[in-house]
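Listing of start.cif, mmCIF, C-alpha atoms
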```cif
data_final
loop_
_atom_site.group_PDB
_atom_site.id
_atom_site.type_symbol
_atom_site.label_atom_id
_atom_site.label_comp_id
_atom_site.auth_asym_id
_atom_site.auth_seq_id
_atom_site.Cartn_x
_atom_site.Cartn_y
_atom_site.Cartn_z
ATOM 1 C CA MET C 694 -1.528 -14.126 -42.669
ATOM 2 C CA ILE C 695 1.669 -15.487 -41.085
ATOM 3 C CA ARG C 696 1.375 -16.406 -37.413
ATOM 4 C CA LEU C 697 4.101 -18.264 -35.579
ATOM 5 C CA PRO C 698 3.873 -19.709 -32.069
ATOM 6 C CA GLN C 699 7.329 -18.217 -31.359
ATOM 7 C CA PRO C 700 9.367 -15.445 -32.992
ATOM 8 C CA LEU C 701 11.293 -16.327 -36.113
ATOM 9 C CA VAL C 702 15.091 -16.392 -35.890
ATOM 10 C CA LEU C 703 16.601 -14.681 -38.932
ATOM 11 C CA ALA C 704 20.045 -16.099 -39.726
ATOM 12 C CA SER C 705 21.228 -13.043 -41.624
ATOM 13 C CA ARG C 706 23.036 -9.725 -41.318
ATOM 14 C CA SER C 707 20.918 -8.171 -44.084
ATOM 15 C CA PRO C 708 19.063 -4.973 -43.162
ATOM 16 C CA GLN C 709 16.857 -5.480 -46.233
ATOM 17 C CA ARG C 710 15.617 -8.836 -44.956
ATOM 18 C CA ARG C 711 14.893 -7.300 -41.559
ATOM 19 C CA ALA C 712 12.941 -4.483 -43.206
ATOM 20 C CA ILE C 713 10.810 -6.897 -45.247
ATOM 21 C CA LEU C 714 9.987 -9.073 -42.211
ATOM 22 C CA THR C 715 9.060 -5.933 -40.271
ATOM 23 C CA GLN C 716 6.875 -4.769 -43.168
ATOM 24 C CA LEU C 717 5.084 -8.135 -43.088
ATOM 25 C CA GLY C 718 4.528 -7.858 -39.325
ATOM 26 C CA ILE C 719 6.455 -11.055 -38.562
ATOM 27 C CA PRO C 720 8.073 -11.009 -35.103
ATOM 28 C CA PHE C 721 11.737 -12.013 -35.328
ATOM 29 C CA THR C 722 15.147 -11.884 -33.733
ATOM 30 C CA VAL C 723 18.444 -11.733 -35.592
ATOM 31 C CA VAL C 724 21.319 -14.148 -35.046
ATOM 32 C CA GLU C 725 24.400 -13.880 -37.203
ATOM 33 C CA PRO C 726 24.891 -17.217 -38.956
ATOM 34 C CA GLY C 727 27.977 -19.253 -38.134
ATOM 35 C CA TYR C 728 28.071 -20.554 -41.693
ATOM 36 C CA ILE C 729 31.009 -19.665 -43.944
ATOM 37 C CA GLU C 730 30.049 -19.129 -47.586
ATOM 38 C CA ILE C 731 32.395 -20.839 -50.010
ATOM 39 C CA ASP C 732 31.586 -20.557 -53.707
ATOM 40 C CA PRO C 733 33.053 -23.586 -55.499
ATOM 41 C CA PRO C 734 34.117 -22.796 -59.070
ATOM 42 C CA GLY C 735 31.626 -23.931 -61.669
ATOM 43 C CA GLU C 736 28.660 -24.322 -59.314
ATOM 44 C CA ARG C 737 25.461 -22.942 -60.806
ATOM 45 C CA PRO C 738 24.228 -19.747 -59.100
ATOM 46 C CA SER C 739 20.773 -21.296 -58.505
ATOM 47 C CA GLU C 740 22.359 -24.217 -56.629
ATOM 48 C CA LEU C 741 24.785 -21.977 -54.775
ATOM 49 C CA VAL C 742 22.090 -19.824 -53.131
ATOM 50 C CA VAL C 743 20.141 -22.883 -51.973
ATOM 51 C CA THR C 744 23.303 -24.426 -50.474
ATOM 52 C CA HIS C 745 24.102 -21.171 -48.640
ATOM 53 C CA ALA C 746 20.519 -20.664 -47.399
ATOM 54 C CA VAL C 747 20.414 -24.171 -45.929
ATOM 55 C CA GLY C 748 23.870 -23.720 -44.393
ATOM 56 C CA LYS C 749 22.837 -20.457 -42.752
ATOM 57 C CA ALA C 750 19.602 -21.947 -41.365
ATOM 58 C CA ARG C 751 21.429 -24.981 -39.965
ATOM 59 C CA SER C 752 24.075 -22.825 -38.274
ATOM 60 C CA VAL C 753 21.582 -21.100 -35.952
ATOM 61 C CA GLU C 754 19.495 -22.545 -33.111
ATOM 62 C CA GLY C 755 15.807 -21.848 -32.683
ATOM 63 C CA PRO C 756 12.360 -23.361 -33.111
ATOM 64 C CA TRP C 757 11.784 -21.389 -36.343
ATOM 65 C CA VAL C 758 14.887 -20.345 -38.297
ATOM 66 C CA LEU C 759 15.094 -18.588 -41.660
ATOM 67 C CA GLY C 760 18.213 -18.675 -43.830
ATOM 68 C CA VAL C 761 18.343 -16.781 -47.131
ATOM 69 C CA ASP C 762 21.024 -16.168 -49.732
ATOM 70 C CA THR C 763 20.837 -14.020 -52.868
ATOM 71 C CA THR C 764 23.062 -13.646 -55.901
ATOM 72 C CA VAL C 765 23.003 -12.036 -59.326
ATOM 73 C CA ALA C 766 23.616 -14.397 -62.252
ATOM 74 C CA LEU C 767 24.872 -13.382 -65.678
ATOM 75 C CA ASP C 768 26.311 -15.677 -68.334
ATOM 76 C CA GLY C 769 26.403 -18.533 -65.806
ATOM 77 C CA ASP C 770 28.521 -16.507 -63.364
ATOM 78 C CA SER C 771 27.480 -15.588 -59.850
ATOM 79 C CA LEU C 772 28.016 -11.892 -59.152
ATOM 80 C CA ALA C 773 28.014 -11.879 -55.370
ATOM 81 C CA LYS C 774 28.971 -8.970 -53.115
ATOM 82 C CA PRO C 775 31.839 -6.957 -54.616
ATOM 83 C CA ALA C 776 34.990 -6.634 -52.525
ATOM 84 C CA ASP C 777 35.594 -3.010 -53.521
ATOM 85 C CA ALA C 778 34.458 -0.198 -55.812
ATOM 86 C CA ALA C 779 36.564 -1.465 -58.713
ATOM 87 C CA GLU C 780 34.852 -4.868 -58.587
ATOM 88 C CA ALA C 781 31.429 -3.199 -58.232
ATOM 89 C CA GLY C 782 32.193 -1.061 -61.296
ATOM 90 C CA ALA C 783 33.193 -4.132 -63.300
ATOM 91 C CA MET C 784 29.904 -5.796 -62.342
ATOM 92 C CA LEU C 785 27.835 -2.753 -63.329
ATOM 93 C CA ARG C 786 29.629 -2.574 -66.705
ATOM 94 C CA ARG C 787 28.781 -6.242 -67.326
ATOM 95 C CA LEU C 788 25.129 -5.718 -66.331
ATOM 96 C CA ALA C 789 24.641 -2.516 -68.368
ATOM 97 C CA GLY C 790 22.138 -2.902 -71.197
ATOM 98 C CA ARG C 791 21.505 -6.561 -70.373
ATOM 99 C CA THR C 792 19.076 -8.809 -68.527
ATOM 100 C CA HIS C 793 20.333 -10.829 -65.578
ATOM 101 C CA THR C 794 18.657 -13.165 -63.090
ATOM 102 C CA VAL C 795 18.518 -12.622 -59.348
ATOM 103 C CA TYR C 796 18.350 -15.932 -57.478
ATOM 104 C CA SER C 797 17.459 -16.343 -53.824
ATOM 105 C CA GLY C 798 17.600 -19.585 -51.913
ATOM 106 C CA LEU C 799 15.418 -19.778 -48.823
ATOM 107 C CA CYS C 800 15.392 -22.352 -46.031
ATOM 108 C CA LEU C 801 12.738 -22.228 -43.307
ATOM 109 C CA ARG C 802 13.674 -24.707 -40.595
ATOM 110 C CA CYS C 803 11.277 -25.766 -37.863
ATOM 111 C CA ALA C 804 11.754 -28.808 -35.670
ATOM 112 C CA GLU C 805 13.561 -31.278 -37.937
ATOM 113 C CA ALA C 806 11.834 -30.126 -41.128
ATOM 114 C CA GLU C 807 13.495 -27.877 -43.698
ATOM 115 C CA HIS C 808 11.316 -26.084 -46.211
ATOM 116 C CA VAL C 809 13.623 -25.073 -49.044
ATOM 117 C CA ARG C 810 12.700 -22.784 -51.912
ATOM 118 C CA LEU C 811 14.317 -21.063 -54.887
ATOM 119 C CA ALA C 812 13.159 -17.763 -56.375
ATOM 120 C CA ALA C 813 14.278 -16.291 -59.699
ATOM 121 C CA THR C 814 13.596 -12.783 -61.010
ATOM 122 C CA ASP C 815 14.848 -11.270 -64.262
ATOM 123 C CA VAL C 816 16.133 -7.694 -64.110
ATOM 124 C CA THR C 817 17.024 -5.572 -67.141
ATOM 125 C CA PHE C 818 19.492 -2.723 -66.826
ATOM 126 C CA ARG C 819 19.569 0.430 -68.927
ATOM 127 C CA ASP C 820 22.592 1.090 -71.079
ATOM 128 C CA LEU C 821 24.820 2.931 -68.623
ATOM 129 C CA THR C 822 27.361 5.608 -69.373
ATOM 130 C CA GLU C 823 30.678 5.647 -67.583
ATOM 131 C CA ARG C 824 29.543 8.829 -65.846
ATOM 132 C CA GLU C 825 26.415 7.091 -64.513
ATOM 133 C CA ILE C 826 28.487 4.144 -63.253
ATOM 134 C CA GLU C 827 30.927 6.493 -61.507
ATOM 135 C CA TRP C 828 28.010 8.389 -59.942
ATOM 136 C CA TYR C 829 26.531 5.170 -58.597
ATOM 137 C CA LEU C 830 29.864 3.957 -57.267
ATOM 138 C CA GLY C 831 30.253 7.298 -55.480
ATOM 139 C CA GLU C 832 26.945 6.725 -53.697
ATOM 140 C CA ARG C 833 28.507 3.613 -52.059
ATOM 141 C CA GLU C 834 25.194 1.827 -52.246
ATOM 142 C CA TRP C 835 26.954 -1.090 -53.943
ATOM 143 C CA TYR C 836 28.658 -2.123 -50.706
ATOM 144 C CA GLY C 837 27.460 -5.504 -49.434
ATOM 145 C CA ARG C 838 25.024 -5.953 -52.349
ATOM 146 C CA ALA C 839 24.935 -8.903 -54.720
ATOM 147 C CA GLY C 840 25.685 -7.655 -58.218
ATOM 148 C CA GLY C 841 26.901 -4.350 -56.813
ATOM 149 C CA TYR C 842 23.522 -2.570 -56.740
ATOM 150 C CA ALA C 843 20.456 -2.006 -54.549
ATOM 151 C CA VAL C 844 17.208 -1.838 -56.513
ATOM 152 C CA GLN C 845 15.315 -0.414 -53.513
ATOM 153 C CA GLY C 846 17.599 2.619 -53.435
ATOM 154 C CA ARG C 847 19.351 4.751 -56.018
ATOM 155 C CA GLY C 848 20.016 1.554 -57.970
ATOM 156 C CA ALA C 849 16.417 1.797 -59.200
ATOM 157 C CA ALA C 850 17.758 4.372 -61.693
ATOM 158 C CA LEU C 851 19.819 1.616 -63.320
ATOM 159 C CA VAL C 852 16.852 -0.666 -64.053
ATOM 160 C CA THR C 853 14.372 -0.604 -66.945
ATOM 161 C CA ALA C 854 12.354 -3.756 -66.169
ATOM 162 C CA ILE C 855 11.758 -6.428 -63.549
ATOM 163 C CA ALA C 856 10.027 -9.701 -64.434
ATOM 164 C CA GLY C 857 9.058 -11.519 -61.266
ATOM 165 C CA ASP C 858 9.103 -10.875 -57.539
ATOM 166 C CA TYR C 859 10.538 -7.435 -56.743
ATOM 167 C CA THR C 860 11.158 -8.425 -53.110
ATOM 168 C CA ASN C 861 13.428 -11.191 -54.364
ATOM 169 C CA VAL C 862 15.657 -8.544 -55.951
ATOM 170 C CA VAL C 863 15.703 -6.679 -52.627
ATOM 171 C CA GLY C 864 16.846 -9.874 -50.880
ATOM 172 C CA LEU C 865 13.871 -11.761 -49.401
ATOM 173 C CA PRO C 866 11.355 -13.302 -51.822
ATOM 174 C CA VAL C 867 8.025 -12.836 -50.058
ATOM 175 C CA ALA C 868 6.003 -15.142 -52.333
ATOM 176 C CA VAL C 869 8.186 -18.191 -51.628
ATOM 177 C CA LEU C 870 8.484 -17.222 -47.940
ATOM 178 C CA VAL C 871 4.690 -17.274 -47.595
ATOM 179 C CA ASP C 872 4.606 -20.625 -49.424
ATOM 180 C CA ALA C 873 7.243 -22.080 -47.077
ATOM 181 C CA PHE C 874 5.323 -20.847 -44.011
ATOM 182 C CA ALA C 875 2.108 -22.405 -45.366
ATOM 183 C CA GLU C 876 3.860 -25.749 -45.852
ATOM 184 C CA ALA C 877 5.521 -25.555 -42.423
ATOM 185 C CA ALA C 878 2.156 -24.871 -40.771
ATOM 186 C CA ALA C 879 0.970 -28.362 -41.734
ATOM 187 C CA PRO C 880 0.541 -30.315 -38.471
ATOM 188 C CA ALA C 881 2.916 -33.112 -39.522
ATOM 189 C CA ASP C 882 5.819 -30.739 -40.124
ATOM 190 C CA CYS C 883 6.230 -28.466 -37.080
#
```

Please express the file's structure as structure tokens.
Amino acid sequence: MIRLPQPLVLASRSPQRRAILTQLGIPFTVVEPGYIEIDPPGERPSELVVTHAVGKARSVEGPWVLGVDTTVALDGDSLAKPADAAEAGAMLRRLAGRTHTVYSGLCLRCAEAEHVRLAATDVTFRDLTEREIEWYLGEREWYGRAGGYAVQGRGAALVTAIAGDYTNVVGLPVAVLVDAFAEAAAPADC
């Protein structure tokens, strides 16, 4: 379905994004982005992920470059990667028994064209006991994960419902990626 004349350059350190591209059979190389993420106070999470995705894609050289950023949004706040277990626990307590939105910004850059997309998926958490939160924190799966959880791992036990693209919650929204590739394949673009 997705055929590129040259391998894609993934501007990301995310093992989840690598796994999804591998699952799709898309040849790629990984280059750590030179972009520094700064989250200005008051910026909407949906705008923040798009800004970061574009910044990541622009910071890496290559004929086809993919930049992606994901965050968890609740009550207008962006719950990015927690700094430590205490912050992860605070995030999980906020998410417990509630529905939040996972936003991913995606920028596929080829030649001078940038194909930018936004994906949104609603995720509902179970009511969590303190014991369940402590168990999950002990698993250390929260490390490096927006919102402090990984739905593709043990974090699946925290979730009761997902409305939208599951792969977006994992970290790379496949539906919008395919759409961006289709647009980029137009002869005028790349």

Selection result for the PyMOL selection byres ((chain C and resi 866) around 10) on this file, as a PDB file with C-alpha atoms, in the frame of the given file:
```
ATOM      1  CA  ARG C 710      15.617  -8.836 -44.956  1.00  0.00           C
ATOM      2  CA  ILE C 713      10.810  -6.897 -45.247  1.00  0.00           C
ATOM      3  CA  VAL C 761      18.343 -16.781 -47.131  1.00  0.00           C
ATOM      4  CA  THR C 763      20.837 -14.020 -52.868  1.00  0.00           C
ATOM      5  CA  TYR C 796      18.350 -15.932 -57.478  1.00  0.00           C
ATOM      6  CA  SER C 797      17.459 -16.343 -53.824  1.00  0.00           C
ATOM      7  CA  GLY C 798      17.600 -19.585 -51.913  1.00  0.00           C
ATOM      8  CA  LEU C 799      15.418 -19.778 -48.823  1.00  0.00           C
ATOM      9  CA  ARG C 810      12.700 -22.784 -51.912  1.00  0.00           C
ATOM     10  CA  LEU C 811      14.317 -21.063 -54.887  1.00  0.00           C
ATOM     11  CA  ALA C 812      13.159 -17.763 -56.375  1.00  0.00           C
ATOM     12  CA  ALA C 813      14.278 -16.291 -59.699  1.00  0.00           C
ATOM     13  CA  THR C 814      13.596 -12.783 -61.010  1.00  0.00           C
ATOM     14  CA  GLY C 857       9.058 -11.519 -61.266  1.00  0.00           C
ATOM     15  CA  ASP C 858       9.103 -10.875 -57.539  1.00  0.00           C
ATOM     16  CA  TYR C 859      10.538  -7.435 -56.743  1.00  0.00           C
ATOM     17  CA  THR C 860      11.158  -8.425 -53.110  1.00  0.00           C
ATOM     18  CA  ASN C 861      13.428 -11.191 -54.364  1.00  0.00           C
ATOM     19  CA  VAL C 862      15.657  -8.544 -55.951  1.00  0.00           C
ATOM     20  CA  VAL C 863      15.703  -6.679 -52.627  1.00  0.00           C
ATOM     21  CA  GLY C 864      16.846  -9.874 -50.880  1.00  0.00           C
ATOM     22  CA  LEU C 865      13.871 -11.761 -49.401  1.00  0.00           C
ATOM     23  CA  VAL C 867       8.025 -12.836 -50.058  1.00  0.00           C
ATOM     24  CA  ALA C 868       6.003 -15.142 -52.333  1.00  0.00           C
ATOM     25  CA  VAL C 869       8.186 -18.191 -51.628  1.00  0.00           C
ATOM     26  CA  LEU C 870       8.484 -17.222 -47.940  1.00  0.00           C
ATOM     27  CA  VAL C 871       4.690 -17.274 -47.595  1.00  0.00           C
TER      28      VAL C 871
END
```

Result set, the PyMOL selection byres ((chain C and resi 840-847) around 8) on current file, as a ChimeraX atom specification: /C:764-765,772-775,781-782,784-785,829,834-839,848-852,862-863

Could those selected residues go to a file with C-alpha atoms, as an mmCIF file, keeping the file's coordinate frame?
```
data_model
loop_
_atom_site.group_PDB
_atom_site.id
_atom_site.type_symbol
_atom_site.label_atom_id
_atom_site.label_comp_id
_atom_site.auth_asym_id
_atom_site.auth_seq_id
_atom_site.Cartn_x
_atom_site.Cartn_y
_atom_site.Cartn_z
ATOM 1 C CA THR C 764 23.062 -13.646 -55.901
ATOM 2 C CA VAL C 765 23.003 -12.036 -59.326
ATOM 3 C CA LEU C 772 28.016 -11.892 -59.152
ATOM 4 C CA ALA C 773 28.014 -11.879 -55.370
ATOM 5 C CA LYS C 774 28.971 -8.970 -53.115
ATOM 6 C CA PRO C 775 31.839 -6.957 -54.616
ATOM 7 C CA ALA C 781 31.429 -3.199 -58.232
ATOM 8 C CA GLY C 782 32.193 -1.061 -61.296
ATOM 9 C CA MET C 784 29.904 -5.796 -62.342
ATOM 10 C CA LEU C 785 27.835 -2.753 -63.329
ATOM 11 C CA TYR C 829 26.531 5.170 -58.597
ATOM 12 C CA GLU C 834 25.194 1.827 -52.246
ATOM 13 C CA TRP C 835 26.954 -1.090 -53.943
ATOM 14 C CA TYR C 836 28.658 -2.123 -50.706
ATOM 15 C CA GLY C 837 27.460 -5.504 -49.434
ATOM 16 C CA ARG C 838 25.024 -5.953 -52.349
ATOM 17 C CA ALA C 839 24.935 -8.903 -54.720
ATOM 18 C CA GLY C 848 20.016 1.554 -57.970
ATOM 19 C CA ALA C 849 16.417 1.797 -59.200
ATOM 20 C CA ALA C 850 17.758 4.372 -61.693
ATOM 21 C CA LEU C 851 19.819 1.616 -63.320
ATOM 22 C CA VAL C 852 16.852 -0.666 -64.053
ATOM 23 C CA VAL C 862 15.657 -8.544 -55.951
ATOM 24 C CA VAL C 863 15.703 -6.679 -52.627
#
```

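If all atoms listed in the file are the atoms counted, then among C:Ala877, C:Leu703, C:Ile731, C:Leu767 the closest residue to C:Glu807 is C:Ala877.
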
Find the distance between atom CA of C:Ala779 and atom CA of C:Glu827 and write it in Å to one decimal.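 Result for atom CA of C:Ala779 versus atom CA of C:Glu827: 10.1 Å, one decimal.
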
Polymer residues at most 10 Å from C:Glu725, all atoms listed in the file, same-chain spacing of 6 or more positions, as a list in words: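 Returned residues: Val702, Leu703, Ala704, Ser705, Arg706, Ser707, Lys749, Ser752 and Val753 of chain C.
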
What is the distance between atom CA of C:His745 and atom CA of C:Asp762, in Å to one decimal?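 Atom CA of C:Asp762 lies at a distance of 6.0 Å from atom CA of C:His745.
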
Near C:Leu701, counting only C-alpha atoms, which residues have an atom at most 7 Å away, once you skip same-chain residues fewer than 4 positions from it, shown as a list in words?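 Near C:Leu701, the qualifying residues are Pro720, Phe721, Thr722, Trp757 and Val758 of chain C.
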
Run the PyMOL selection byres ((chain C and resi 819) around 9) mentally over the shown coordinates, then write out the matched residues as a list in words, using the chain letters and numbers from the document.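 Taken over the shown coordinates, the PyMOL selection byres ((chain C and resi 819) around 9) returns Leu788, Ala789, Gly790, Arg791, Thr817, Phe818, Asp820, Leu821, Ala850, Leu851, Val852, Thr853 and Ala854 of chain C.
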
Just the number, please: distance in Å from atom CA of C:Pro733 to atom CA of C:Ala766, one decimal. 14.8 Å

Given all atoms listed in the file as the basis, pick out the residue of C:Arg833, C:Arg751, C:His793, C:Arg802 nearest to C:Ala778.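 Nearest to C:Ala778: C:Arg833.
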
Between C:Ala875, C:Ile729, C:Ile826, C:Ala783, which has the minimum distance to C:Thr744 (counting all atoms listed in the file)? C:Ile729
